[in-house]
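Okay, work.pdb now, which holds PDB, C-alpha atoms:
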```
ATOM      1  CA  MET A  19      64.774 -26.438 -69.073
ATOM      2  CA  ALA A  20      65.947 -28.222 -72.231
ATOM      3  CA  ILE A  21      69.687 -28.028 -72.812
ATOM      4  CA  THR A  22      70.029 -27.125 -76.496
ATOM      5  CA  ALA A  23      73.094 -27.573 -78.676
ATOM      6  CA  LYS A  24      73.229 -23.772 -79.103
ATOM      7  CA  LEU A  25      73.337 -23.264 -75.330
ATOM      8  CA  VAL A  26      76.140 -25.823 -75.010
ATOM      9  CA  SER A  27      77.985 -24.156 -77.894
ATOM     10  CA  ASP A  28      77.629 -20.706 -76.292
ATOM     11  CA  LEU A  29      78.992 -21.973 -72.977
ATOM     12  CA  ARG A  30      81.818 -23.780 -74.729
ATOM     13  CA  SER A  31      82.837 -20.642 -76.664
ATOM     14  CA  ARG A  32      82.822 -18.577 -73.453
ATOM     15  CA  THR A  33      84.782 -21.052 -71.323
ATOM     16  CA  GLY A  34      86.811 -23.281 -73.624
ATOM     17  CA  ALA A  35      85.550 -26.319 -71.669
ATOM     18  CA  GLY A  36      84.715 -29.653 -73.327
ATOM     19  CA  ILE A  37      81.270 -30.383 -74.774
ATOM     20  CA  MET A  38      80.280 -32.940 -72.127
ATOM     21  CA  ASP A  39      81.568 -30.719 -69.305
ATOM     22  CA  CYS A  40      79.464 -27.839 -70.646
ATOM     23  CA  LYS A  41      76.384 -30.040 -71.036
ATOM     24  CA  ASN A  42      76.750 -31.445 -67.504
ATOM     25  CA  ALA A  43      77.269 -27.967 -65.997
ATOM     26  CA  LEU A  44      74.182 -26.646 -67.795
ATOM     27  CA  THR A  45      72.137 -29.649 -66.666
ATOM     28  CA  GLU A  46      73.215 -29.158 -63.045
ATOM     29  CA  THR A  47      72.399 -25.429 -63.164
ATOM     30  CA  ASN A  48      69.089 -25.911 -65.029
ATOM     31  CA  GLY A  49      70.329 -24.035 -68.102
ATOM     32  CA  ASN A  50      71.622 -20.950 -66.241
ATOM     33  CA  ILE A  51      74.720 -20.028 -68.244
ATOM     34  CA  ASP A  52      76.257 -17.726 -65.588
ATOM     35  CA  GLU A  53      75.964 -20.399 -62.892
ATOM     36  CA  ALA A  54      77.343 -22.974 -65.339
ATOM     37  CA  ILE A  55      80.384 -20.756 -65.995
ATOM     38  CA  GLN A  56      80.966 -20.484 -62.237
ATOM     39  CA  LYS A  57      80.604 -24.253 -61.821
ATOM     40  CA  LEU A  58      83.110 -24.920 -64.634
ATOM     41  CA  ARG A  59      85.582 -22.447 -63.124
ATOM     42  CA  GLU A  60      85.330 -24.179 -59.732
ATOM     43  CA  GLN A  61      85.862 -27.576 -61.357
ATOM     44  CA  GLY A  62      88.773 -26.184 -63.363
ATOM     45  CA  LEU A  63      90.491 -24.760 -60.291
ATOM     46  CA  LYS A  64      90.209 -28.133 -58.538
ATOM     47  CA  ALA A  65      91.658 -29.804 -61.627
ATOM     48  CA  SER A  66      94.497 -27.267 -61.750
ATOM     49  CA  GLU A  67      95.508 -28.248 -58.221
ATOM     50  CA  ILE A  68      95.690 -31.902 -59.289
ATOM     51  CA  LYS A  69      97.650 -31.039 -62.447
ATOM     52  CA  GLY A  70     100.066 -28.856 -60.469
ATOM     53  CA  GLY A  71     102.333 -31.823 -59.713
ATOM     54  CA  ARG A  72     102.783 -32.916 -63.319
ATOM     55  CA  ALA A  73     106.073 -32.248 -65.143
ATOM     56  CA  ALA A  74     106.091 -29.174 -67.387
ATOM     57  CA  LYS A  75     109.122 -29.371 -69.679
ATOM     58  CA  GLU A  76     107.756 -27.835 -72.898
ATOM     59  CA  GLY A  77     106.735 -24.236 -73.419
ATOM     60  CA  LEU A  78     108.034 -20.923 -74.683
ATOM     61  CA  ILE A  79     110.475 -18.173 -73.994
ATOM     62  CA  VAL A  80     108.817 -14.872 -74.873
ATOM     63  CA  SER A  81     110.173 -11.370 -74.971
ATOM     64  CA  TYR A  82     108.520  -8.030 -74.442
ATOM     65  CA  ILE A  83     110.080  -4.656 -75.204
ATOM     66  CA  HIS A  84     108.175  -1.715 -73.763
ATOM     67  CA  PRO A  85     107.553   1.198 -76.175
ATOM     68  CA  GLY A  86     110.560   3.489 -76.041
ATOM     69  CA  SER A  87     112.898   0.483 -75.810
ATOM     70  CA  ARG A  88     114.070   1.307 -72.275
ATOM     71  CA  VAL A  89     112.552  -1.758 -70.541
ATOM     72  CA  GLY A  90     112.533  -5.340 -71.793
ATOM     73  CA  THR A  91     111.758  -8.779 -70.407
ATOM     74  CA  LEU A  92     112.292 -12.449 -71.179
ATOM     75  CA  VAL A  93     109.928 -14.983 -69.593
ATOM     76  CA  GLU A  94     110.092 -18.787 -69.679
ATOM     77  CA  LEU A  95     106.611 -20.283 -69.414
ATOM     78  CA  ASN A  96     106.427 -24.090 -69.322
ATOM     79  CA  CYS A  97     103.639 -26.562 -70.046
ATOM     80  CA  GLU A  98     103.437 -30.326 -70.550
ATOM     81  CA  THR A  99     103.272 -30.564 -74.375
ATOM     82  CA  ASP A 100     104.445 -28.568 -77.365
ATOM     83  CA  PHE A 101     100.861 -28.816 -78.677
ATOM     84  CA  VAL A 102      99.626 -26.568 -75.847
ATOM     85  CA  ALA A 103     102.702 -24.318 -76.175
ATOM     86  CA  ARG A 104     101.630 -23.526 -79.750
ATOM     87  CA  THR A 105      98.060 -22.562 -78.810
ATOM     88  CA  GLU A 106      97.063 -18.932 -79.063
ATOM     89  CA  GLN A 107      95.821 -18.902 -75.455
ATOM     90  CA  PHE A 108      99.153 -20.152 -74.067
ATOM     91  CA  GLN A 109     101.124 -17.666 -76.164
ATOM     92  CA  GLU A 110      98.837 -14.834 -75.069
ATOM     93  CA  LEU A 111      99.324 -15.817 -71.410
ATOM     94  CA  ALA A 112     103.105 -15.767 -71.905
ATOM     95  CA  LYS A 113     102.933 -12.275 -73.453
ATOM     96  CA  GLU A 114     100.724 -10.973 -70.640
ATOM     97  CA  ILE A 115     103.160 -12.296 -68.032
ATOM     98  CA  ALA A 116     106.086 -10.687 -69.871
ATOM     99  CA  MET A 117     104.222  -7.352 -69.861
ATOM    100  CA  GLN A 118     103.465  -7.821 -66.154
ATOM    101  CA  VAL A 119     107.188  -8.240 -65.432
ATOM    102  CA  ALA A 120     108.002  -5.060 -67.373
ATOM    103  CA  ALA A 121     105.269  -3.046 -65.630
ATOM    104  CA  ALA A 122     105.445  -4.341 -62.046
ATOM    105  CA  LYS A 123     109.172  -5.224 -61.900
ATOM    106  CA  PRO A 124     109.015  -8.259 -59.568
ATOM    107  CA  LYS A 125     112.251  -9.717 -58.207
ATOM    108  CA  TYR A 126     111.158 -13.345 -57.733
ATOM    109  CA  VAL A 127     108.694 -15.768 -59.324
ATOM    110  CA  LYS A 128     107.128 -16.959 -56.025
ATOM    111  CA  ALA A 129     107.476 -16.414 -52.277
ATOM    112  CA  GLU A 130     109.525 -19.610 -51.863
ATOM    113  CA  ASP A 131     112.215 -18.074 -54.098
ATOM    114  CA  VAL A 132     112.897 -15.163 -51.725
ATOM    115  CA  PRO A 133     116.142 -15.861 -49.809
ATOM    116  CA  ALA A 134     115.606 -16.313 -46.052
ATOM    117  CA  GLU A 135     118.197 -13.622 -45.266
ATOM    118  CA  ASP A 136     116.241 -11.086 -47.379
ATOM    119  CA  ILE A 137     113.057 -11.886 -45.461
ATOM    120  CA  GLU A 138     114.838 -11.572 -42.100
ATOM    121  CA  ALA A 139     116.393  -8.241 -43.151
ATOM    122  CA  GLU A 140     113.008  -6.939 -44.286
ATOM    123  CA  LYS A 141     111.366  -8.102 -41.025
ATOM    124  CA  ALA A 142     114.048  -6.295 -38.990
ATOM    125  CA  ILE A 143     113.433  -3.058 -40.913
ATOM    126  CA  LEU A 144     109.660  -3.381 -40.524
ATOM    127  CA  GLN A 145     109.993  -4.193 -36.799
ATOM    128  CA  THR A 146     112.086  -1.046 -36.292
ATOM    129  CA  GLN A 147     109.554   1.035 -38.202
ATOM    130  CA  ALA A 148     106.667  -0.336 -36.112
ATOM    131  CA  GLU A 149     108.542   0.366 -32.876
ATOM    132  CA  GLN A 150     109.353   3.914 -34.003
ATOM    133  CA  GLU A 151     105.635   4.420 -34.616
ATOM    134  CA  GLY A 152     105.170   3.645 -30.901
ATOM    135  CA  LYS A 153     103.298   0.367 -31.352
ATOM    136  CA  PRO A 154     103.275  -2.194 -28.501
ATOM    137  CA  ALA A 155     105.344  -5.345 -29.180
ATOM    138  CA  HIS A 156     102.373  -7.678 -29.764
ATOM    139  CA  ILE A 157     100.770  -5.237 -32.221
ATOM    140  CA  ALA A 158     104.122  -4.533 -33.898
ATOM    141  CA  LYS A 159     104.462  -8.261 -34.594
ATOM    142  CA  ARG A 160     101.099  -8.333 -36.408
ATOM    143  CA  ILE A 161     101.999  -5.191 -38.331
ATOM    144  CA  VAL A 162     105.257  -6.813 -39.462
ATOM    145  CA  GLU A 163     103.368  -9.931 -40.652
ATOM    146  CA  GLY A 164     100.952  -7.772 -42.640
ATOM    147  CA  ARG A 165     103.737  -5.754 -44.205
ATOM    148  CA  ILE A 166     105.714  -8.891 -45.082
ATOM    149  CA  SER A 167     102.626 -10.124 -46.915
ATOM    150  CA  LYS A 168     102.586  -6.811 -48.809
ATOM    151  CA  TYR A 169     106.321  -7.235 -49.518
ATOM    152  CA  TYR A 170     105.579 -10.599 -51.175
ATOM    153  CA  THR A 171     102.796  -9.006 -53.222
ATOM    154  CA  GLU A 172     105.202  -6.355 -54.484
ATOM    155  CA  THR A 173     108.248  -8.571 -55.143
ATOM    156  CA  CYS A 174     106.846 -11.980 -56.176
ATOM    157  CA  LEU A 175     105.379 -12.231 -59.677
ATOM    158  CA  LEU A 176     102.730 -14.869 -58.918
ATOM    159  CA  GLN A 177     101.356 -12.858 -55.979
ATOM    160  CA  GLN A 178     101.174  -9.549 -57.813
ATOM    161  CA  PRO A 179      97.835  -8.120 -58.918
ATOM    162  CA  TYR A 180      97.418  -8.487 -62.675
ATOM    163  CA  ILE A 181      98.086  -5.162 -64.442
ATOM    164  CA  ARG A 182      94.834  -5.402 -66.427
ATOM    165  CA  ASP A 183      92.628  -6.406 -63.471
ATOM    166  CA  SER A 184      93.830  -5.715 -59.933
ATOM    167  CA  ASP A 185      91.256  -8.159 -58.502
ATOM    168  CA  VAL A 186      93.117 -11.040 -60.179
ATOM    169  CA  THR A 187      96.618 -12.246 -59.248
ATOM    170  CA  ILE A 188      99.068 -13.671 -61.765
ATOM    171  CA  GLU A 189      98.810 -16.995 -59.927
ATOM    172  CA  SER A 190      95.033 -17.134 -60.472
ATOM    173  CA  LEU A 191      95.539 -16.119 -64.124
ATOM    174  CA  VAL A 192      97.875 -19.120 -64.548
ATOM    175  CA  LYS A 193      95.421 -21.417 -62.700
ATOM    176  CA  ASP A 194      92.588 -20.331 -65.006
ATOM    177  CA  ALA A 195      94.791 -21.190 -67.997
ATOM    178  CA  ILE A 196      95.570 -24.604 -66.450
ATOM    179  CA  ALA A 197      91.843 -25.239 -66.059
ATOM    180  CA  GLN A 198      91.084 -24.244 -69.656
ATOM    181  CA  LEU A 199      94.057 -25.870 -71.385
ATOM    182  CA  GLY A 200      94.083 -29.032 -69.249
ATOM    183  CA  GLU A 201      97.832 -29.050 -68.590
ATOM    184  CA  ASN A 202     100.142 -27.938 -65.829
ATOM    185  CA  ILE A 203     101.604 -24.487 -66.555
ATOM    186  CA  VAL A 204     104.612 -23.118 -64.675
ATOM    187  CA  VAL A 205     106.305 -19.724 -64.770
ATOM    188  CA  LYS A 206     109.869 -21.015 -64.672
ATOM    189  CA  ARG A 207     111.902 -17.792 -64.655
ATOM    190  CA  PHE A 208     112.155 -14.271 -65.993
ATOM    191  CA  VAL A 209     114.727 -11.585 -66.645
ATOM    192  CA  LEU A 210     114.016  -7.871 -66.512
ATOM    193  CA  TYR A 211     116.240  -5.435 -68.409
ATOM    194  CA  VAL A 212     116.117  -1.718 -67.614
ATOM    195  CA  LEU A 213     118.313   0.549 -69.698
ATOM    196  CA  GLY A 214     121.333   1.714 -67.710
ATOM    197  CA  GLN A 215     120.814  -0.693 -64.794
TER     198      GLN A 215
END
```

Taking this structure as input, can you express it in the form of structure tokens?
Amino acid sequence: MAITAKLVSDLRSRTGAGIMDCKNALTETNGNIDEAIQKLREQGLKASEIKGGRAAKEGLIVSYIHPGSRVGTLVELNCETDFVARTEQFQELAKEIAMQVAAAKPKYVKAEDVPAEDIEAEKAILQTQAEQEGKPAHIAKRIVEGRISKYYTETCLLQQPYIRDSDVTIESLVKDAIAQLGENIVVKRFVLYVLGQ
């Protein structure tokens, strides 16, 4: 199938990828736009892993105040250049993350931020619960591991399901943005304010 300029343009508008990347993806998938989108996403995720080690010292601090003014958040989202920080896509990502913090109320950015003593305390509680349910020791251990994973999902921002699409985590949302914008993006920190707390 001939790869037309219109087809390349359509793919580019849907993915934000470069012209040559779009043309190559369409050539490899014989003009199938859905397969080309998938191919570009896979390439972008690989690229995001490579870019993950680059310094991200620019960015934005965004705020979100929930209607009713009882919950508010501040989020620092970093990238490599101020050029990317000024793009609409980066700013929209920052706003979505700020809304996520207000809605899901995480305590930490990522699992590595959870203090070891908090994890040990949580494991002890979960172990006791499993034993009280009458589970054998070897099964109780697996139950505790599963529940600790759930604990991370509830308390760590990057592991939480996205409020607009529960099939997507915040981490994968950030990785998609890295793939599209071509720079490392890091959620540096956040603050959650709840009236009276």

Which region 50-151 of chain A residues have any atom within 7 Å of an atom of region 161-170 of chain A, and for each, what is the nearest pair of atoms with distance in Å to one decimal, counting all atoms listed in the file, rows sorted by chain and number, as CSV?
```
residue,atom,partner,partner_atom,distance
A:Ala129,CA,A:Tyr170,CA,6.2
A:Lys141,CA,A:Val162,CA,6.4
A:Leu144,CA,A:Val162,CA,5.7
A:Gln145,CA,A:Val162,CA,6.0
```

*asked:* Could you tell me, as a ChimeraX atom specification, exactly which residues end up selected when the PyMOL selection byres ((chain A and resi 172-183) around 10) is applied to this structure?
replied: /A:114-115,117-119,121-132,166-171,184-192,205,207-208

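The nearest approach to Arg104 (chain A) among the residues A:Gly200, A:Gly77, A:Thr22, A:Ala120, with only C-alpha atoms taken into account, belongs to A:Gly77.
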
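Counting from CA of Arg30 (chain A), the distance to CA of Lys193 (chain A) is 18.3 Å.
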
*What is the CA of Lys75 (chain A)-CA of Cys97 (chain A) distance in Å, reported with one decimal?*
6.2 Å

*Considering all atoms listed in the file, return as a ChimeraX atom specification whatever protein or nucleic-acid residues lie within 9 Å of Val212 (chain A), sequence-local ones (same chain, fewer than 2 positions apart) excluded.*
/A:88-91,120,210,214-215

*Could you state which residues are captured by the PyMOL selection byres ((chain A and resi 24) around 12) in this file, as number ranges by chain?*
A: 20-23, 25-31, 37, 40-41, 44, 49, 51

Could those selected residues go to a file with C-alpha atoms, as an mmCIF file, in the frame of the given file?
```
data_model
loop_
_atom_site.group_PDB
_atom_site.id
_atom_site.type_symbol
_atom_site.label_atom_id
_atom_site.label_comp_id
_atom_site.auth_asym_id
_atom_site.auth_seq_id
_atom_site.Cartn_x
_atom_site.Cartn_y
_atom_site.Cartn_z
ATOM 1 C CA ALA A 20 65.947 -28.222 -72.231
ATOM 2 C CA ILE A 21 69.687 -28.028 -72.812
ATOM 3 C CA THR A 22 70.029 -27.125 -76.496
ATOM 4 C CA ALA A 23 73.094 -27.573 -78.676
ATOM 5 C CA LEU A 25 73.337 -23.264 -75.330
ATOM 6 C CA VAL A 26 76.140 -25.823 -75.010
ATOM 7 C CA SER A 27 77.985 -24.156 -77.894
ATOM 8 C CA ASP A 28 77.629 -20.706 -76.292
ATOM 9 C CA LEU A 29 78.992 -21.973 -72.977
ATOM 10 C CA ARG A 30 81.818 -23.780 -74.729
ATOM 11 C CA SER A 31 82.837 -20.642 -76.664
ATOM 12 C CA ILE A 37 81.270 -30.383 -74.774
ATOM 13 C CA CYS A 40 79.464 -27.839 -70.646
ATOM 14 C CA LYS A 41 76.384 -30.040 -71.036
ATOM 15 C CA LEU A 44 74.182 -26.646 -67.795
ATOM 16 C CA GLY A 49 70.329 -24.035 -68.102
ATOM 17 C CA ILE A 51 74.720 -20.028 -68.244
#
```

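The interatomic distance for the pair CA of Ser81 (chain A) and CA of Gln107 (chain A) works out to 16.2 Å.
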
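Near region 53-62 of chain A, within a cut-off of 6 Å and counting all atoms listed in the file, sit the residues Ala43, Leu44, Thr47 and Ala197 of chain A, with same-chain residues fewer than 6 positions away left out.
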
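In terms of minimum interatomic distance to Lys206 (chain A), A:Asn96 ranks closest within A:Thr105, A:Thr45, A:Asn96, A:Asn50, counting all atoms listed in the file.
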
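Nearest to Ala195 (chain A) of all the residues A:Ser87, A:Asn42, A:Thr99, A:Gln109 is A:Gln109, counting all atoms listed in the file.
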